[in-house]
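Colleague: I have a structure here, written as structure tokens, and I will follow up with some questions on it.
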Amino acid sequence: MQKGYQLFFAILAVMVVSWLGLVVFPQVQLGNQSTREVKEIGRHYPTEPGSLVLNGRKVYQQAGCVSCHTQQIRQSGYAFDLVLNEVGDFPESVAAKLVEAGKAAGVQVTNEKAQEQMANLPSTFLEGVAFSVAQEVLQIFKDSGAKVAPNILPLGSDIERGWGPRQTVGLDYLYDQPLLMGQQRLGPDLANVGARLNDRQWHLKHLYHPRSVVAQSGMPAYTYLFDVQPIGEESSPDALALEGEYAPEEGLEVVPKPEALALVDYLLSLKIENPVFEAPYMFTQAEPGEANNVEMEQAQ
Amino acid sequence: MDENPTSKSISDQKDIDRSYHFPTLFLVTKAAGWLLLSTLFSLVASIKMHSPTFLSNCPWVTYGVLVPAAQNAFLYGFALQAGFAAMLWMTMRLGQVKLRGPGFLFLGTVLWNIALLVGILGLMGGGQSGYAFLSMPGFVYPMLFTAYVLIGGMTLLTFFKRQAREIYPSQWFIYASLYWFPWMLTAASYALFASEPARGVAQAVIHGWYASGMTTIVLGFVGIALLQYLVPKLTRRDLHNSNLSAFAFWVLLLFGGFTGLLQAQALPAWVGTLSSVCNAFVAFAWIVLTANLWKTLQGAGKQNSDPLAFNLVRLAALCGLLGALLNFWGSRPGTAETVQFTLYVQGVYWLQLFGFVGTLLLVAAYHFLPRVSDQESALSGPFGWKSIMMLYATGSILVGLVYVLGGWKQGKALADASRSFLEVQSAAMSFIRISTIGELLVFLAAAVLAVNMTRSLVAYLVGYIKCCCNCKNESAQ
């Protein structure tokens, strides 16, 4: 390789292969994704974000929140609950099969316990079993006349932390422009923060001074998103209810700027609330306003 | 290395060297300024992790703004500009050729710095793109490309006009880097910032391609070219085996561009698998490269002309090897899940770019600046090159190692769901605090370098103006 042009063409060939492989091909494979109907929620998923959410997304991008927070939930695998929904016409046979299924899963099931499970339908007779066991059990109940269904339970530390019900998939990011998946977790994952922490006031206080709601938080304060202003004739409806050392001086109030409100709108819009084909899980429709706020004191 | 001319007189060699004086001095001075700014941003970001209310009233200096600003100032301001200077020097010395188009090169450097300044201000002013390594607003990249055409174009033109026709292994790496960067910059910035940009997770693959190309090929190749140039130079020996270099070159070129892809579950499985396999090839190429250099170095301890530079080059090579091995180890199934999303990734970045590439760029500048200026380096004494290089290398390696260890600990805590996230956070924070010491050392090195380089540039310009005045007076008489 002693000639400049040989070197040039050789490098060019490698560059073209690399470009085709990692710029062109991903766009061919992934660039044409579109929304998909999800029968569990009875509509297409995902939905296009509104202008308020987009404004908040811009604030998120400008402040560089992506440097510390990811928006991707990981999953290490699946476990299965097995549920008996109907007994059918041969209850004695089903009872025997419940005992047999217990043996297959390494759990002792007595005939009395089997009868009890058959009396309280639907009944989860095996919990958190592996895929191979679930398959074996379904095979046991084949032709028994009973209706047995598996419930899918995603596994992994992110799921156990309550950061989301399932792993994130490509479809979740369909409207993300630019993509803000993040690559570092100095703060917790936010892919589902709107569902697990749905208190607007909490988020505003957290942005103003993280330690006002999470005592040991290491997150920097974003006080520039707020105005500290004299209280007028009436206190502003948006004023933060701060206490102790974080409260403003007498006669002053802390009011979020439109950017802070937009950012919180965006955070509240981040939800992973339905299964998709690539990431199924046992889905139950949440009641309006229901959310898991138990962790608010710990998570930030 | 057919560099020391037998056919050229010493005065010819000095003429050639002098033609590079101002362009390289200008590039290195600008690079030093950006390094100072980058390390200042890193230091302030690090302080914000200790004290959450520090500068919290200013949107320009949030942690999330300072980190990408520091990264982009380092990559485009320091590493690429000092890299251009080092590539010019090697092209000249290895090709025995005077610089072509110095005016265009100067214009390109000025434009590059204006584009970068606009980009960093845009990023800090709220225009950050959200993509690491490409965090500046999208409109900056055509400006950078135009500036690059002038700088890279003149370097290539000089290469084509070389008198020594034989191509030394360092030159393969230099030209691969020079060709790769504009292609990658154009392709990635078009795909991500055009009017109809890539959608959804395709963006992550394209962005990963750019980031890995930048680390492994564009800047990594500058570092490897310098290694293969400086080791024989400092030991006064020939490179042990150029076939091994050729093997490493092709392996790195073929697989290096596929290494830094996200191991995200939202991406197709082939992306993470491909990245993991390519990391193994890259680590192997690095072992071959290091073995070749080790054979060159064997028994050379007493022959080296400059023990400090010699030891720093060895240290930088170790950082490069360690970075490649850690990258491979961190992308293996079983380990990738632990180190993903942790400081580990930052640690490898520091070892590869600050420890390996950055240290070699400083040693290169220390080596060539006195030669192009034809005088003893102005940067001698207690605040000279030696302290700069020592502070810089110590700080960089400290930060790299602390982040790698901290990332591992953070990853273990993150994988254990029984530990609250605050525990995970505090596991990471203690390492971030230690890394601040390293960042402070790098900042001090950058400050001393920037002051000294500015003095050298001013002295050069004053001398040049005086010379012009004298010539004018003489012609008037």
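Chain labels A, B, ... are given in the sequence in which chains occur in the structure tokens; within each chain residues are numbered consecutively from 1, and ligands are likewise numbered from 1 in the order shown.
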Show me, as a PDB file with C-alpha atoms, in the first residue's frame, every residue of chain B with an atom at most 6 Å from chain A, counting only C-alpha atoms.

Modeller:
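Output saved as out-v3.pdb:
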ATOM      1  CA  PRO B  52     -26.893  21.694  43.901  1.00  0.00           C
ATOM      2  CA  THR B  53     -27.589  25.425  44.265  1.00  0.00           C
ATOM      3  CA  SER B  56     -28.611  27.555  39.768  1.00  0.00           C
ATOM      4  CA  ASN B  57     -30.022  30.877  38.617  1.00  0.00           C
ATOM      5  CA  CYS B  58     -28.435  30.798  35.198  1.00  0.00           C
ATOM      6  CA  GLY B  64     -26.795  19.369  31.430  1.00  0.00           C
ATOM      7  CA  VAL B  65     -25.499  22.342  29.430  1.00  0.00           C
ATOM      8  CA  GLY B 126     -30.553  26.851  24.621  1.00  0.00           C
ATOM      9  CA  GLN B 128     -28.331  22.049  22.196  1.00  0.00           C
ATOM     10  CA  GLY B 130     -29.613  16.460  22.508  1.00  0.00           C
ATOM     11  CA  GLU B 166       7.076   5.833   0.475  1.00  0.00           C
ATOM     12  CA  ILE B 167       4.066   5.822   2.793  1.00  0.00           C
ATOM     13  CA  ARG B 199     -37.190   9.100  12.893  1.00  0.00           C
ATOM     14  CA  GLY B 200     -37.441   7.226  16.160  1.00  0.00           C
ATOM     15  CA  VAL B 201     -34.673   4.904  17.269  1.00  0.00           C
ATOM     16  CA  ALA B 202     -32.910   5.057  13.884  1.00  0.00           C
ATOM     17  CA  ILE B 206     -26.783   6.956  13.411  1.00  0.00           C
ATOM     18  CA  ALA B 266     -35.449  -0.566  22.109  1.00  0.00           C
ATOM     19  CA  PHE B 341     -26.017   3.928  32.000  1.00  0.00           C
ATOM     20  CA  THR B 342     -23.170   4.345  34.499  1.00  0.00           C
ATOM     21  CA  ALA B 415     -28.888  -3.875  39.304  1.00  0.00           C
ATOM     22  CA  ALA B 417     -33.535  -3.426  43.115  1.00  0.00           C
TER      23      ALA B 417
END

Colleague: Might you pull out every residue within 9 Å of Tyr349 in chain B, with only C-alpha atoms counted and same-chain residues fewer than 4 positions away left off, and present them as a VMD selection string?

Modeller: chain B and resid 215 323 344 to 345 353 to 355 400

Colleague: For CA of Tyr141 in chain B and CA of Ala188 in chain B, determine how far apart the two atoms are, in Å to one decimal place.

Modeller: 9.9 Å

Colleague: For Thr39 in chain B, please output as a count of residues only all residues within 10 Å (counting only C-alpha atoms; exclusion window: fewer than 5 positions along the same chain).

Modeller: 16

Colleague: Find, counting only C-alpha atoms, the residue in B:Val357, B:Leu321, B:Cys278, B:Ala316 that gets nearest to Gly223 in chain B.

Modeller: B:Val357

Colleague: Could you find all residues in range 38-261 of chain A that DSSP calls helix (DSSP H, G or I) from the backbone, and write them as a PyMOL selection string?

Modeller: chain A and resi 51-63+65-67+91-105+111-119+131-141+157-160+170-173+193-196+200-208+210-212+223-225+244-246+258-261

Colleague: Show me, as a PDB file with C-alpha atoms, in the first residue's frame, the residues that have an atom within 9 Å of Gly164 in chain A when counting only C-alpha atoms, minus same-chain residues fewer than 5 positions from it.

Modeller:
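Contents of out-v9.pdb, as written:
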ATOM      1  CA  ILE A  73     -36.614   0.765  30.798  1.00  0.00           C
ATOM      2  CA  ASP A 158     -35.877  -1.431  36.463  1.00  0.00           C
ATOM      3  CA  ILE A 159     -39.277  -3.139  36.594  1.00  0.00           C
ATOM      4  CA  ALA A 191     -39.683   6.848  30.702  1.00  0.00           C
ATOM      5  CA  ASN A 192     -42.756   6.337  32.890  1.00  0.00           C
ATOM      6  CA  VAL A 193     -42.407   9.234  35.336  1.00  0.00           C
ATOM      7  CA  ALA A 195     -47.546   7.551  35.499  1.00  0.00           C
ATOM      8  CA  ARG A 196     -45.587   6.838  38.674  1.00  0.00           C
ATOM      9  CA  LYS A 271     -45.976   7.226  30.347  1.00  0.00           C
ATOM     10  CA  ILE A 272     -45.566   3.582  29.447  1.00  0.00           C
ATOM     11  CA  GLU A 273     -49.050   2.349  30.188  1.00  0.00           C
TER      12      GLU A 273
END
